[in-house]
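So this one's model_5.txt, compact mmCIF, C-alpha atoms:
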# COMPACT_ATOMS: atom_id res chain seq x y z
CA ARG C 1489 -24.35 27.58 56.31
CA ARG C 1490 -22.60 24.70 58.08
CA ALA C 1491 -25.79 22.60 57.96
CA ALA C 1492 -26.12 23.16 54.21
CA THR C 1493 -22.52 22.10 53.71
CA GLY C 1494 -23.10 18.98 55.76
CA ARG C 1495 -26.18 17.98 53.78
CA GLY C 1496 -24.16 18.43 50.53
CA TRP C 1497 -21.44 16.15 51.85
CA ASP C 1498 -24.01 13.53 52.87
CA ALA C 1499 -25.62 13.65 49.43
CA TRP C 1500 -22.36 13.24 47.51
CA GLU C 1501 -22.12 10.24 45.19
CA PRO C 1502 -19.03 9.16 43.24
CA GLU C 1503 -19.10 9.63 39.47
CA PRO C 1504 -19.78 6.44 37.50
CA VAL C 1505 -16.69 4.62 36.30
CA GLU C 1506 -16.28 4.88 32.52
CA SER C 1507 -13.97 2.97 30.29
CA GLU C 1508 -10.96 4.85 28.92
CA ALA C 1509 -12.32 4.53 25.38
CA ALA C 1510 -15.69 6.05 26.37
CA SER C 1511 -14.09 8.97 28.21
CA SER C 1512 -11.70 9.65 25.33
CA ARG C 1513 -14.64 9.83 22.94
CA GLY C 1514 -16.05 12.64 24.98
CA ARG C 1515 -12.75 14.53 24.88
CA ARG C 1516 -12.08 14.04 21.18
CA ARG C 1517 -11.03 17.27 19.53
CA PRO C 1518 -12.92 18.45 16.45
CA VAL C 1519 -11.22 18.26 13.03
CA GLU C 1520 -10.88 22.05 12.84
CA ASP C 1521 -8.96 22.00 16.12
CA GLU C 1522 -6.61 19.33 14.71
CA LEU C 1523 -5.97 21.51 11.65
CA GLY C 1524 -5.32 24.45 13.96
CA HIS C 1525 -2.65 22.46 15.77
CA LEU C 1526 -1.03 21.50 12.47
CA ILE C 1527 -0.99 25.13 11.34
CA ASN C 1528 0.66 26.09 14.64
CA ILE C 1529 3.31 23.43 14.07
CA TYR C 1530 4.12 24.72 10.57
CA GLY C 1531 3.98 28.34 11.71
CA SER C 1532 1.45 29.74 9.24
CA LYS C 1533 -1.41 28.76 6.96
CA GLU C 1534 0.74 29.39 3.87
CA LEU C 1535 3.49 27.01 5.01
CA PHE C 1536 0.94 24.32 5.83
CA ILE C 1537 -0.74 24.61 2.41
CA ASN C 1538 2.64 24.57 0.65
CA GLU C 1539 3.62 21.38 2.50
CA TYR C 1540 0.28 19.81 1.62
CA ARG C 1541 0.85 20.69 -2.05
CA ASN C 1542 4.28 19.01 -1.96
CA MET C 1543 2.81 15.88 -0.37
CA LEU C 1544 -0.06 15.82 -2.88
CA ALA C 1545 2.36 16.10 -5.81
CA GLU C 1546 4.51 13.28 -4.42
CA ARG C 1547 1.43 11.09 -4.02
CA LEU C 1548 0.06 11.81 -7.50
CA LEU C 1549 3.38 11.21 -9.25
CA SER C 1550 3.93 7.90 -7.47
CA LYS C 1551 0.42 6.66 -8.23
CA VAL C 1552 -0.24 3.91 -10.77
CA GLY C 1553 -3.44 4.83 -12.61
CA TYR C 1554 -5.64 7.91 -12.52
CA ASP C 1555 -7.93 7.32 -9.53
CA VAL C 1556 -7.87 10.51 -7.40
CA THR C 1557 -11.21 10.09 -5.60
CA ARG C 1558 -9.63 10.08 -2.15
CA GLU C 1559 -7.42 13.09 -2.91
CA MET C 1560 -10.38 15.08 -4.25
CA HIS C 1561 -12.41 14.34 -1.10
CA THR C 1562 -9.55 15.56 1.10
CA LEU C 1563 -9.14 18.70 -0.99
CA GLU C 1564 -12.85 19.55 -0.72
CA LEU C 1565 -12.62 19.32 3.07
CA LEU C 1566 -9.57 21.57 3.13
CA LYS C 1567 -11.29 24.11 0.87
CA ILE C 1568 -14.03 24.47 3.47
CA ARG C 1569 -11.38 25.37 6.04
CA PHE C 1570 -8.99 27.50 3.95
CA GLY C 1571 -11.06 28.73 0.99
CA GLU C 1572 -10.83 27.89 -2.71
CA ALA C 1573 -8.28 30.58 -3.60
CA SER C 1574 -5.62 29.18 -1.26
CA LEU C 1575 -5.90 25.69 -2.76
CA HIS C 1576 -6.33 26.64 -6.43
CA LYS C 1577 -2.97 25.12 -7.41
CA CYS C 1578 -3.87 21.81 -5.75
CA GLU C 1579 -7.17 21.81 -7.65
CA VAL C 1580 -5.31 22.29 -10.95
CA MET C 1581 -2.99 19.40 -10.08
CA LEU C 1582 -5.92 17.03 -9.60
CA LYS C 1583 -7.53 18.32 -12.81
CA ASP C 1584 -4.27 17.56 -14.64
CA VAL C 1585 -4.50 13.93 -13.57
CA LEU C 1586 -8.13 13.62 -14.67
CA ASP C 1587 -7.37 15.30 -18.01
CA SER C 1588 -4.40 12.96 -18.46
CA LYS C 1589 -6.73 9.98 -18.25
CA ARG C 1590 -8.83 11.34 -21.14
CA ILE C 1591 -5.79 12.31 -23.22
CA ASN C 1592 -4.18 8.92 -22.59
CA GLY C 1593 -7.27 7.19 -23.98
CA ASN C 1594 -7.25 9.41 -27.08
CA VAL C 1595 -3.54 8.82 -27.70
CA LYS C 1596 -3.92 5.04 -27.57
CA ALA C 1597 -7.15 4.92 -29.59
CA PRO C 1598 -6.86 3.85 -33.28
CA PRO C 1599 -6.34 7.00 -35.41
CA ALA C 1600 -8.98 8.14 -37.89
CA PRO C 1601 -8.30 7.00 -41.47
CA GLY C 1602 -6.58 9.55 -43.70
CA THR C 1603 -5.01 11.54 -40.85
CA PRO C 1604 -1.24 12.01 -40.39
CA ALA C 1605 -1.45 9.76 -37.33
CA ALA C 1606 -2.99 6.95 -39.43
CA ARG C 1607 -0.02 7.06 -41.80
CA ASP C 1608 2.41 6.60 -38.89
CA THR C 1609 1.84 2.86 -38.64
CA ALA C 1610 5.01 2.26 -36.60
CA SER C 1611 3.75 4.46 -33.73
CA THR C 1612 0.28 2.90 -33.96
CA ASN C 1613 1.69 -0.61 -33.59
CA ILE C 1614 3.81 0.40 -30.58
CA LEU C 1615 0.91 2.20 -28.85
CA GLN C 1616 -1.48 -0.73 -29.28
CA ASP C 1617 0.64 -2.91 -26.98
CA SER C 1618 2.23 -0.17 -24.90
CA PRO C 1619 1.75 -0.25 -21.11
CA LEU C 1620 2.83 3.41 -20.91
CA ASP C 1621 0.37 5.82 -19.26
CA ALA C 1622 1.46 9.46 -19.09
CA THR C 1623 0.54 12.15 -16.56
CA ILE C 1624 0.60 15.54 -18.30
CA VAL C 1625 1.08 18.37 -15.80
CA SER C 1626 0.74 22.14 -15.89
CA ALA C 1627 4.23 22.89 -14.60
CA LEU C 1628 3.39 26.40 -13.32
CA PHE C 1629 0.95 24.96 -10.76
CA TRP C 1630 3.07 22.04 -9.49
CA PRO C 1631 5.94 22.26 -6.99
CA PRO C 1632 9.48 22.15 -8.47
CA PHE C 1633 10.36 18.61 -9.49
CA ALA C 1634 13.43 16.80 -8.21
CA ASN C 1635 16.23 16.51 -10.76
CA GLU C 1636 18.13 13.54 -9.41
CA ALA C 1637 19.72 12.53 -12.72
CA PRO C 1638 19.38 15.19 -15.45
CA ASP C 1639 21.28 13.08 -18.03
CA PHE C 1640 19.40 9.82 -17.36
CA LYS C 1641 18.90 7.75 -20.53
CA LEU C 1642 16.01 5.33 -20.81
CA PRO C 1643 16.54 1.84 -22.24
CA ALA C 1644 15.66 1.55 -25.95
CA GLU C 1645 12.38 -0.30 -25.27
CA MET C 1646 11.10 2.46 -22.96
CA LYS C 1647 12.42 5.21 -25.25
CA ASN C 1648 10.52 3.79 -28.23
CA MET C 1649 7.25 3.85 -26.26
CA ILE C 1650 7.83 7.46 -25.18
CA ASP C 1651 8.70 8.58 -28.73
CA ALA C 1652 5.56 6.95 -30.15
CA TYR C 1653 3.42 8.58 -27.45
CA SER C 1654 4.98 11.99 -28.15
CA LYS C 1655 4.33 11.76 -31.89
CA ARG C 1656 0.68 10.80 -31.42
CA TYR C 1657 0.16 13.56 -28.84
CA HIS C 1658 1.66 16.10 -31.27
CA HIS C 1659 -0.72 14.90 -34.00
CA LEU C 1660 -3.69 15.40 -31.67
CA LYS C 1661 -2.60 18.63 -29.97
CA ALA C 1662 -0.40 20.38 -32.58
CA PRO C 1663 1.64 22.52 -32.13
CA ARG C 1664 2.00 21.35 -28.51
CA GLN C 1665 4.76 18.93 -27.64
CA LEU C 1666 5.54 16.91 -24.53
CA MET C 1667 8.62 17.52 -22.39
CA TRP C 1668 9.28 14.27 -20.54
CA ARG C 1669 10.60 13.81 -17.01
CA PRO C 1670 11.92 10.24 -17.31
CA THR C 1671 13.13 10.02 -13.70
CA LEU C 1672 9.58 10.48 -12.37
CA GLY C 1673 6.75 7.98 -12.34
CA MET C 1674 6.35 4.33 -11.41
CA VAL C 1675 6.73 1.01 -13.23
CA GLU C 1676 4.82 -2.15 -12.33
CA VAL C 1677 7.32 -4.97 -12.77
CA GLU C 1678 6.76 -8.72 -13.01
CA VAL C 1679 9.96 -10.76 -12.71
CA MET C 1680 10.31 -14.51 -13.19
CA ARG C 1681 13.75 -16.06 -12.82
CA GLY C 1682 14.06 -19.69 -11.90
CA GLU C 1683 11.89 -20.28 -8.83
CA LEU C 1684 11.79 -16.55 -8.02
CA GLU C 1685 8.61 -14.65 -8.97
CA LEU C 1686 8.15 -10.99 -8.06
CA GLN C 1687 5.49 -8.35 -8.58
CA LEU C 1688 6.31 -4.86 -7.33
CA SER C 1689 6.16 -1.16 -8.19
CA VAL C 1690 9.50 0.60 -8.65
CA SER C 1691 10.79 3.90 -10.04
CA THR C 1692 11.71 4.23 -13.71
CA MET C 1693 15.43 4.27 -12.90
CA GLU C 1694 15.14 1.10 -10.81
CA ALA C 1695 13.26 -0.59 -13.67
CA ALA C 1696 15.90 0.63 -16.14
CA VAL C 1697 18.68 -0.94 -14.05
CA LEU C 1698 17.06 -4.38 -14.25
CA SER C 1699 16.17 -4.07 -17.94
CA HIS C 1700 19.86 -3.75 -18.87
CA PHE C 1701 20.45 -7.24 -17.47
CA GLN C 1702 18.26 -8.64 -20.23
CA ARG C 1703 21.17 -7.90 -22.58
CA LYS C 1704 23.95 -9.40 -20.48
CA ASP C 1705 24.36 -10.97 -17.05
CA ARG C 1706 27.19 -8.79 -15.72
CA TRP C 1707 27.85 -5.04 -15.79
CA GLY C 1708 30.72 -3.05 -14.33
CA GLN C 1709 29.49 -0.24 -12.11
CA ASP C 1710 31.17 2.48 -14.19
CA GLU C 1711 30.02 0.84 -17.42
CA LEU C 1712 26.38 0.63 -16.38
CA ALA C 1713 26.40 4.16 -14.90
CA ALA C 1714 27.72 5.52 -18.22
CA GLU C 1715 25.14 3.50 -20.17
CA MET C 1716 22.32 4.99 -18.08
CA GLY C 1717 23.73 8.53 -17.86
CA ILE C 1718 23.83 8.61 -14.05
CA ASN C 1719 26.62 8.71 -11.45
CA ARG C 1720 27.84 5.74 -9.44
CA ALA C 1721 26.17 6.82 -6.19
CA THR C 1722 22.76 7.05 -7.86
CA LEU C 1723 23.26 3.70 -9.59
CA ARG C 1724 24.12 2.05 -6.28
CA ARG C 1725 20.94 3.40 -4.67
CA LYS C 1726 18.81 2.14 -7.55
CA ALA C 1727 20.47 -1.29 -7.67
CA VAL C 1728 19.82 -1.87 -3.96
CA VAL C 1729 16.16 -2.82 -4.52
CA TRP C 1730 17.19 -5.71 -6.80
CA ILE C 1731 20.00 -6.81 -4.46
CA ASN C 1732 17.46 -6.94 -1.63
CA GLN C 1733 15.06 -8.95 -3.77
CA GLY C 1734 17.78 -11.53 -4.52
CA LEU C 1735 18.10 -10.75 -8.26
CA LEU C 1736 21.48 -8.98 -8.32
CA VAL C 1737 24.78 -9.39 -6.51
CA GLU C 1738 27.36 -6.64 -6.09
CA GLU C 1739 30.96 -7.85 -6.33
CA LYS C 1740 34.13 -5.89 -5.66
CA ASN C 1741 36.61 -5.73 -8.53
CA GLU C 1742 40.36 -6.14 -8.10
CA GLY C 1743 40.90 -2.43 -8.77
CA ASP C 1744 38.74 0.48 -7.65
CA GLY C 1745 35.04 -0.09 -8.21
CA SER C 1746 32.61 -2.98 -8.35
CA SER C 1747 30.29 -4.82 -10.70
CA TYR C 1748 26.77 -6.23 -10.66
CA ARG C 1749 25.63 -9.60 -11.94
CA LEU C 1750 22.46 -11.64 -11.97
CA THR C 1751 22.22 -14.19 -9.17
CA THR C 1752 22.50 -17.91 -9.75
CA GLY C 1753 21.18 -20.85 -7.78
CA ASP C 1754 24.37 -20.90 -5.70
CA ASP C 1755 23.97 -17.33 -4.48
CA SER C 1756 22.40 -16.53 -1.13
CA ARG C 1757 20.79 -13.33 0.06
CA ALA C 1758 23.51 -12.72 2.63
CA ALA C 1759 24.11 -9.23 1.27
CA PHE C 1760 20.59 -8.15 2.18
CA GLY C 1761 21.53 -6.39 5.41
CA ALA C 1762 24.29 -4.29 3.88
CA ALA C 1763 22.16 -3.38 0.88
CA ALA C 1764 19.24 -2.36 3.05
CA ALA C 1765 21.52 -0.13 5.11
CA ASP C 1766 22.80 1.50 1.93
CA ASP C 1767 19.25 2.16 0.82
CA GLU C 1768 18.82 4.57 3.71
CA GLY C 1769 20.89 7.05 1.72
CA GLY C 1770 17.57 8.38 0.43
CA GLY C 1771 17.06 10.41 -2.69
CA GLY C 1772 14.65 9.76 -5.48
CA GLY C 1773 11.63 11.79 -4.35
CA ALA C 1774 9.53 13.21 -7.18
CA VAL C 1775 9.28 16.69 -5.64
CA ALA C 1776 12.28 18.79 -4.67
CA SER C 1777 12.82 19.03 -0.91
CA ALA C 1778 11.87 22.18 0.99
CA GLU C 1779 15.58 22.99 1.41
CA ASP C 1780 16.18 22.65 -2.35
CA GLN C 1781 13.16 24.82 -3.14
CA ALA C 1782 14.32 27.49 -0.68
CA ALA C 1783 17.83 27.45 -2.15
CA ALA C 1784 16.44 27.79 -5.68
CA GLY C 1785 14.29 30.71 -4.53
CA MET C 1786 17.33 32.48 -3.05
CA LYS C 1787 19.46 31.93 -6.17
CA VAL C 1788 17.98 35.01 -7.86
CA TYR C 1789 19.65 37.21 -5.21
CA GLU C 1790 23.16 35.81 -5.75
CA GLN C 1791 24.23 38.49 -8.24
CA TYR C 1792 23.02 41.24 -5.89
CA VAL C 1793 25.11 39.81 -3.04
CA ILE C 1794 28.18 39.42 -5.28
CA GLY C 1795 27.69 43.00 -6.51
CA MET C 1796 27.53 44.38 -2.95
CA LEU C 1797 30.72 42.58 -1.94
CA THR C 1798 32.45 43.86 -5.07
CA ASN C 1799 31.83 47.45 -3.89
CA PHE C 1800 32.44 46.77 -0.17
CA PRO C 1801 35.44 44.82 1.16
CA SER C 1802 33.23 42.89 3.62
CA LEU C 1803 29.76 43.06 5.12
CA PRO C 1804 27.94 41.39 8.05
CA PRO C 1805 24.77 39.39 7.21
CA ASP C 1806 22.35 41.90 8.80
CA ARG C 1807 23.79 44.72 6.64
CA ILE C 1808 23.40 42.58 3.49
CA HIS C 1809 19.86 41.75 4.60
CA ASN C 1810 18.90 45.42 5.02
CA MET C 1811 20.46 46.44 1.72
CA LEU C 1812 18.60 43.67 -0.14
CA LYS C 1813 15.30 44.82 1.39
CA MET C 1814 16.06 48.40 0.38
CA PHE C 1815 17.28 47.95 -3.21
CA VAL C 1816 15.87 44.67 -4.58
CA GLN C 1817 12.42 45.22 -6.07
CA ASP C 1818 12.16 42.67 -8.90
CA PRO C 1819 11.54 40.13 -7.51
CA PRO C 1820 10.96 41.83 -4.15
CA TYR C 1821 13.21 40.57 -1.38
CA ASP C 1822 10.97 39.01 1.29
CA ARG C 1823 13.28 36.49 2.98
CA SER C 1824 14.22 36.26 6.64
CA LEU C 1825 17.70 36.85 8.04
CA GLU C 1826 17.97 33.13 8.87
CA GLN C 1827 17.23 32.19 5.24
CA LEU C 1828 19.84 34.69 4.03
CA GLU C 1829 22.48 33.32 6.43
CA ALA C 1830 21.78 29.78 5.18
CA PHE C 1831 22.17 31.00 1.59
CA LEU C 1832 25.40 32.84 2.37
CA GLY C 1833 26.69 29.66 3.99
CA GLN C 1834 25.92 27.81 0.76
CA LEU C 1835 27.90 30.42 -1.25
CA VAL C 1836 30.82 29.94 1.16
CA ALA C 1837 30.63 26.17 0.61
CA GLU C 1838 30.66 26.76 -3.16
CA ASP C 1839 33.83 28.85 -2.68
CA LYS C 1840 32.16 32.03 -4.01
CA LEU C 1841 32.37 33.91 -0.69
CA ALA C 1842 34.70 33.88 2.30
CA LEU C 1843 33.63 34.18 5.95
CA GLU C 1844 35.86 35.70 8.61
CA GLY C 1845 34.18 36.10 12.00
CA ASN C 1846 30.83 37.68 11.15
CA GLN C 1847 32.00 39.33 7.91
CA TYR C 1848 31.41 38.00 4.40
CA SER C 1849 33.72 38.95 1.56
CA LYS C 1850 34.10 38.04 -2.10
CA ARG C 1851 36.61 35.35 -3.02
What does the file become when written as structure tokens?
Amino acid sequence: RRAATGRGWDAWEPEPVESEAASSRGRRRPVEDELGHLINIYGSKELFINEYRNMLAERLLSKVGYDVTREMHTLELLKIRFGEASLHKCEVMLKDVLDSKRINGNVKAPPAPGTPAARDTASTNILQDSPLDATIVSALFWPPFANEAPDFKLPAEMKNMIDAYSKRYHHLKAPRQLMWRPTLGMVEVEVMRGELELQLSVSTMEAAVLSHFQRKDRWGQDELAAEMGINRATLRRKAVVWINQGLLVEEKNEGDGSSYRLTTGDDSRAAFGAAAADDEGGGGGAVASAEDQAAAGMKVYEQYVIGMLTNFPSLPPDRIHNMLKMFVQDPPYDRSLEQLEAFLGQLVAEDKLALEGNQYSKR
């Protein structure tokens, strides 16, 4: 036995030296393993698919044009892994975009003579030169949309294009009518002012901010916010892109508030740093955040919670949780205790409940 061991030691040769890239190729994990790791991160297949659907919706709604070739390829690969049933809603979303391309062409095509659409010459003239392309979605299959500015008012030029598009769509698809989401979508903007030339894609609200400066060179912050139907914080976030591009300047007024004006040749872009920092305030996503969606899903249980605390002076969260599971059947209560505690905390913040120690009571 010792002799055999000795001969093995004498015959030993070191392994050949490989480059790091070559060795890593041999250790590369398969795609299915990568998906498995992602599912483990999210906690379940359902959560992973829901997050993918949110990301897909965000991508589709921020896209200029109707090319979804890449998204369809990705979806087909995921269907192999998760099955068609799990990704049916994502498939409908992509079909909506492809159908929108066909409908958009029909809406902008010259109407047939003698039809109601042919008699509406004003809409025909607007649509002939309109750059507006609409994405028509099946709302039941898409994630909840963000509602950053529910009272947002489009400038007259954009509103006229939308109204003409709606009329023509109604002529083609009667009795269906379009319900617009003006805060969603993208606008390709070309700006020429003095020596400054810009081409960029911005949100509809950001484009609306700049369009108002075609009417006059200076707007008070409160004045412009009222004109657009948004609050001052939202206006400030949307104006930042034009401050950073050197088109607008924000100036403090003598009283409370500020105003915006178009830049002149004497202005510098010194405000860029402050504006960029302000832009980190976020907001403006097309799809509601996971927290907002969860809060909206819990809202249906608010009356049950208020009813319980009307009959009981106070209750701990685990008791409320058990009672909801026992009595709520439509829709069935299927939330975790952590989700309920977050929702109860939101009701406390809204001054609907009071919290003392571990006991919740009605205000």
Could you please give me, as a compact mmCIF listing (two decimals) with C-alpha atoms, in the coordinates of the input, the residues of protein, DNA or RNA lying at most 12 Å from (10.1, 1.6, -23.6) in the coordinate frame of the file, considering only C-alpha atoms?
# COMPACT_ATOMS: atom_id res chain seq x y z
CA ILE C 1614 3.81 0.40 -30.58
CA LEU C 1615 0.91 2.20 -28.85
CA ASP C 1617 0.64 -2.91 -26.98
CA SER C 1618 2.23 -0.17 -24.90
CA PRO C 1619 1.75 -0.25 -21.11
CA LEU C 1620 2.83 3.41 -20.91
CA ASP C 1621 0.37 5.82 -19.26
CA LYS C 1641 18.90 7.75 -20.53
CA LEU C 1642 16.01 5.33 -20.81
CA PRO C 1643 16.54 1.84 -22.24
CA ALA C 1644 15.66 1.55 -25.95
CA GLU C 1645 12.38 -0.30 -25.27
CA MET C 1646 11.10 2.46 -22.96
CA LYS C 1647 12.42 5.21 -25.25
CA ASN C 1648 10.52 3.79 -28.23
CA MET C 1649 7.25 3.85 -26.26
CA ILE C 1650 7.83 7.46 -25.18
CA ASP C 1651 8.70 8.58 -28.73
CA ALA C 1652 5.56 6.95 -30.15
CA TYR C 1653 3.42 8.58 -27.45
CA PRO C 1670 11.92 10.24 -17.31
CA VAL C 1675 6.73 1.01 -13.23
CA THR C 1692 11.71 4.23 -13.71
CA ALA C 1695 13.26 -0.59 -13.67
CA ALA C 1696 15.90 0.63 -16.14
CA SER C 1699 16.17 -4.07 -17.94
Worksheet item: Looking at C:Asn1613, C:Lys1577, C:Met1674, C:Lys1704, which one is nearest to Leu1628 of chain C, with distances taken over all atoms listed in the file?
Response: C:Lys1577
Item to complete: Might you pull out every residue within 12 Å of Arg1547 of chain C, with all atoms listed in the file counted and same-chain residues fewer than 3 positions away left off, and present them as a ChimeraX atom specification?
Response: /C:1540-1544,1550-1556,1558-1559,1581-1582,1585,1672-1674,1773-1775
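The space between atom CA of Asp1639 of chain C and atom CA of Ile1718 of chain C spans 6.5 Å.
Relative to atom CA of Asp1587 of chain C, atom CA of Trp1630 of chain C is found at 15.1 Å.
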Item to complete: Enter the distance from atom CA of Ala1837 of chain C to atom CA of Gln1709 of chain C, in Å, rounded to one decimal.
Response: 29.3 Å
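Every protein or nucleic acid residue with an atom no more than 9 Å from segment 1567-1576 of chain C, counting all atoms listed in the file and leaving out same-chain residues fewer than 5 positions away, appears here: Glu1520, Leu1523, Lys1533, Glu1534, Ile1537, Arg1541, Thr1562, Met1581 and Phe1629 of chain C.
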Practice prompt. Skip Asn1810 of chain C itself and residues of its chain fewer than 6 positions away, then list as a list in words all residues within 12 Å of it, counting only C-alpha atoms.
Written response: Val1793, Met1796, Leu1803, Pro1804, Val1816, Tyr1821, Asp1822, Arg1823, Ser1824, Leu1825 and Leu1828 of chain C
Deliver the residues from the most recent selection as a file, using C-alpha atoms, as a short mmCIF file (atom, residue, chain, number, x, y, z; two decimals), in the frame of the given file.
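Writing done, so here's selection04.cif:
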data_model
loop_
_atom_site.label_atom_id
_atom_site.label_comp_id
_atom_site.auth_asym_id
_atom_site.auth_seq_id
_atom_site.Cartn_x
_atom_site.Cartn_y
_atom_site.Cartn_z
CA VAL C 1793 25.11 39.81 -3.04
CA MET C 1796 27.53 44.38 -2.95
CA LEU C 1803 29.76 43.06 5.12
CA PRO C 1804 27.94 41.39 8.05
CA VAL C 1816 15.87 44.67 -4.58
CA TYR C 1821 13.21 40.57 -1.38
CA ASP C 1822 10.97 39.01 1.29
CA ARG C 1823 13.28 36.49 2.98
CA SER C 1824 14.22 36.26 6.64
CA LEU C 1825 17.70 36.85 8.04
CA LEU C 1828 19.84 34.69 4.03
#
Discussion item. Please determine, counting all atoms listed in the file, which residue among C:Asn1799, C:Ser1654, C:Ser1588, C:Asn1594 has the shortest atom-to-atom distance to Val1625 of chain C.
Written reply: C:Ser1588
Discussion item. Using all atoms listed in the file, can you tell me which of C:Ala1622, C:Val1580, C:Leu1565, C:Arg1706 comes closest to Gly1593 of chain C?
Written reply: C:Ala1622
Item to complete: Excluding Pro1598 of chain C and residues on its chain fewer than 4 positions from it, collect all residues at most 9 Å away from it, counting all atoms listed in the file, and give them as JSON, numbers by chain.
Response: {"C": [1594, 1605, 1606, 1612, 1616]}
Compile the contact shell of Thr1798 of chain C as a compact mmCIF listing (two decimals) with C-alpha atoms, in the coordinates of the input: residues with an atom at most 12 Å away, counting only C-alpha atoms, same-chain residues fewer than 3 positions apart removed.
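What landed in part06.txt:
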# COMPACT_ATOMS: atom_id res chain seq x y z
CA GLN C 1791 24.23 38.49 -8.24
CA TYR C 1792 23.02 41.24 -5.89
CA VAL C 1793 25.11 39.81 -3.04
CA ILE C 1794 28.18 39.42 -5.28
CA GLY C 1795 27.69 43.00 -6.51
CA PRO C 1801 35.44 44.82 1.16
CA SER C 1802 33.23 42.89 3.62
CA LEU C 1803 29.76 43.06 5.12
CA LYS C 1840 32.16 32.03 -4.01
CA LEU C 1841 32.37 33.91 -0.69
CA TYR C 1848 31.41 38.00 4.40
CA SER C 1849 33.72 38.95 1.56
CA LYS C 1850 34.10 38.04 -2.10
CA ARG C 1851 36.61 35.35 -3.02
